[in-house]
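Enquirer: Provided herewith is a single structure, encoded as structure tokens, for subsequent inquiry.
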Amino acid sequence: MKSNKKELSTEERTGLLNTLKTRFEKNKNRHIGLEWTKVQAKLEANTAKLWSLNEMERTGGEPDIVAYDKETEEYIFYDCAAESPKGRRSICYDHKALESRKEHKPADSAVNMASEMGIELLTAEQYRELQKLGNFDSKTSSWIATPSEIRKLGGALFSDFRYGTIFVYHNGAESYYAARGFRGLLKV
């Protein structure tokens, strides 16, 4: 059940940090040279970001660190679930698309959900970077951040991985499918 408060209980914080640490240690190839103790200290100092990571986890994203920005001193988390997060599927692209549907409206949109979670949709470039760490979305697809020029014309972009290739496609922004969700990122 979704809560309106944007803070975690002590038990939720502890559970999330344990989950993130286990994933961090299991997938060291995603973040070579980074130390968990430094990550944990930064997370514990920022409860709002920890809440957003919990939302990523709660909706099936399996967030993990994929980069460290030395300039901003931020850890960059991406959704690293093998398939598009289950708790974020069957949604259209954005609020305008959601409002344009007269019948059979999806429950929400990718842009709305990302905003509520405090995360950003991956761009096409970030999606390609993610695919260097493994094969993601081989059975599903994920909405990605769409340039305003395309969106103004009614379209939106999504990506997946098929036939050993990363594909970037287009669709009407109001469309939604059971196997399409979105992947997000969070900088901490």
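Chain identifiers are assigned as A, B, and so on, following the order in which chains appear in the structure tokens; residues are numbered from 1 within each chain, and ligands are numbered from 1 in order of appearance.
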So that I can check the secondary structure, give me every residue of region 6-186 of chain A assigned helix (DSSP H, G or I) by backbone DSSP, as a PyMOL selection string.
Expert: chain A and resi 10-26+28-30+36-44+47-58+86-88+95-100+110-117+124-131+148-152
Enquirer: List as JSON lines every residue of region 1-97 of chain A that is in contact with region 112-116 of chain A, defined as an atom at most 9 Å from one of its atoms (using only C-alpha atoms), together with the nearest atom pair and the distance in Å rounded to one decimal, sorted by chain and then rising number.
Expert:
{"residue": "A:Ser52", "atom": "CA", "partner": "A:Glu116", "partner_atom": "CA", "distance": 8.8}
{"residue": "A:Arg88", "atom": "CA", "partner": "A:Met113", "partner_atom": "CA", "distance": 7.9}
{"residue": "A:Tyr93", "atom": "CA", "partner": "A:Asn112", "partner_atom": "CA", "distance": 8.5}
{"residue": "A:Asp94", "atom": "CA", "partner": "A:Asn112", "partner_atom": "CA", "distance": 6.3}
{"residue": "A:His95", "atom": "CA", "partner": "A:Asn112", "partner_atom": "CA", "distance": 6.4}
Enquirer: Looking at only C-alpha atoms, which of A:Pro63, A:Gly181, A:Gly15, A:Pro85 is the one that sits closest to Pro106 (chain A)?
Expert: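 Smallest separation from Pro106 (chain A) among the options: A:Gly181.
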Enquirer: I'd like the contact shell of Glu73 (chain A) - 12 Å cut-off, only C-alpha atoms, skipping same-chain residues fewer than 6 positions apart - returned as a PDB file with N, CA, C and O atoms, in the first residue's frame.
Expert:
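File part_33.pdb, as written:
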ATOM      1  N   LYS A  38      30.833   4.440   2.156  1.00  0.00           N
ATOM      2  CA  LYS A  38      30.659   5.838   1.727  1.00  0.00           C
ATOM      3  C   LYS A  38      29.258   6.053   1.157  1.00  0.00           C
ATOM      4  O   LYS A  38      28.639   7.089   1.390  1.00  0.00           O
ATOM      5  N   VAL A  39      28.778   5.061   0.408  1.00  0.00           N
ATOM      6  CA  VAL A  39      27.433   5.138  -0.150  1.00  0.00           C
ATOM      7  C   VAL A  39      26.412   5.186   0.976  1.00  0.00           C
ATOM      8  O   VAL A  39      25.517   6.038   1.002  1.00  0.00           O
ATOM      9  N   LYS A  42      26.198   8.492   2.800  1.00  0.00           N
ATOM     10  CA  LYS A  42      25.502   9.509   2.006  1.00  0.00           C
ATOM     11  C   LYS A  42      23.993   9.260   2.008  1.00  0.00           C
ATOM     12  O   LYS A  42      23.200  10.200   2.091  1.00  0.00           O
ATOM     13  N   ALA A  67      27.105   4.478 -11.550  1.00  0.00           N
ATOM     14  CA  ALA A  67      28.159   5.462 -11.812  1.00  0.00           C
ATOM     15  C   ALA A  67      28.340   6.359 -10.593  1.00  0.00           C
ATOM     16  O   ALA A  67      27.482   6.427  -9.716  1.00  0.00           O
ATOM     17  N   LYS A 187      20.023  10.506  -8.411  1.00  0.00           N
ATOM     18  CA  LYS A 187      21.363  10.940  -8.035  1.00  0.00           C
ATOM     19  C   LYS A 187      21.372  11.249  -6.545  1.00  0.00           C
ATOM     20  O   LYS A 187      20.523  11.980  -6.049  1.00  0.00           O
ATOM     21  N   VAL A 188      22.339  10.648  -5.848  1.00  0.00           N
ATOM     22  CA  VAL A 188      22.451  10.842  -4.397  1.00  0.00           C
ATOM     23  C   VAL A 188      23.844  11.358  -4.062  1.00  0.00           C
ATOM     24  O   VAL A 188      24.817  10.729  -4.355  1.00  0.00           O
TER      25      VAL A 188
END
Enquirer: With only C-alpha atoms as the atoms that count, which of A:Asp79, A:Leu16, A:Thr22, A:Asp69 lies nearest to Trp51 (chain A)?
Expert: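 Distance minimum relative to Trp51 (chain A) lands on A:Leu16.
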Enquirer: Please give the complete set of residues from chain A that DSSP, run on the backbone, assigns to strand (DSSP E), formatted as number ranges by chain.
Expert: A: 63-69, 74-79, 120-121, 141-144, 155-162, 165-172, 180-182, 184-187
Enquirer: Report as JSON, numbers by chain all protein, DNA and RNA residues lying within 12 Å of region 5-11 of chain A, evaluated on only C-alpha atoms, omitting residues in the same chain fewer than 4 positions from it.
Expert: {"A": [1, 15, 16, 17, 18, 44, 46, 47, 48, 49, 50, 51, 52, 53, 54, 55, 116, 117, 118]}
Enquirer: With N, CA and C atoms retained, export the selected residues as a compact mmCIF listing (two decimals), in the first residue's frame.
Expert:
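Writing done, so here's out.txt:
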# COMPACT_ATOMS: atom_id res chain seq x y z
N MET A 1 0.83 -1.19 0.00
CA MET A 1 0.00 0.00 0.00
C MET A 1 0.87 1.25 0.00
N GLY A 15 15.91 -2.21 6.41
CA GLY A 15 15.65 -3.24 5.39
C GLY A 15 16.12 -2.80 4.01
N LEU A 16 15.84 -1.55 3.65
CA LEU A 16 16.27 -1.05 2.34
C LEU A 16 17.78 -1.00 2.24
N LEU A 17 18.44 -0.48 3.26
CA LEU A 17 19.91 -0.41 3.22
C LEU A 17 20.53 -1.80 3.10
N ASN A 18 19.95 -2.79 3.80
CA ASN A 18 20.45 -4.16 3.68
C ASN A 18 20.26 -4.70 2.26
N GLU A 44 22.23 7.68 4.36
CA GLU A 44 21.69 7.94 5.70
C GLU A 44 21.56 9.43 5.98
N ASN A 46 20.57 11.55 3.75
CA ASN A 46 19.57 12.14 2.86
C ASN A 46 18.31 11.27 2.84
N THR A 47 17.43 11.50 3.79
CA THR A 47 16.24 10.66 3.93
C THR A 47 15.29 10.77 2.75
N ALA A 48 15.23 11.94 2.09
CA ALA A 48 14.34 12.09 0.92
C ALA A 48 14.81 11.18 -0.22
N LYS A 49 16.10 11.10 -0.44
CA LYS A 49 16.64 10.24 -1.50
C LYS A 49 16.45 8.77 -1.13
N LEU A 50 16.58 8.48 0.14
CA LEU A 50 16.36 7.11 0.61
C LEU A 50 14.90 6.70 0.37
N TRP A 51 13.98 7.63 0.61
CA TRP A 51 12.56 7.37 0.34
C TRP A 51 12.36 7.07 -1.15
N SER A 52 12.99 7.86 -2.03
CA SER A 52 12.86 7.64 -3.48
C SER A 52 13.43 6.28 -3.87
N LEU A 53 14.56 5.91 -3.30
CA LEU A 53 15.12 4.57 -3.58
C LEU A 53 14.17 3.48 -3.13
N ASN A 54 13.51 3.70 -2.01
CA ASN A 54 12.54 2.72 -1.53
C ASN A 54 11.38 2.59 -2.51
N GLU A 55 10.95 3.71 -3.08
CA GLU A 55 9.89 3.66 -4.09
C GLU A 55 10.35 2.90 -5.32
N GLU A 116 6.38 11.70 -8.83
CA GLU A 116 5.91 11.36 -7.48
C GLU A 116 6.98 10.59 -6.69
N MET A 117 7.77 9.80 -7.39
CA MET A 117 8.81 9.00 -6.75
C MET A 117 10.08 9.81 -6.50
N GLY A 118 10.20 10.97 -7.13
CA GLY A 118 11.39 11.78 -6.98
C GLY A 118 12.55 11.32 -7.83
Enquirer: Do you have the CA of Asn135 (chain A)-CA of Ile91 (chain A) distance handy?
Expert: 22.7 Å
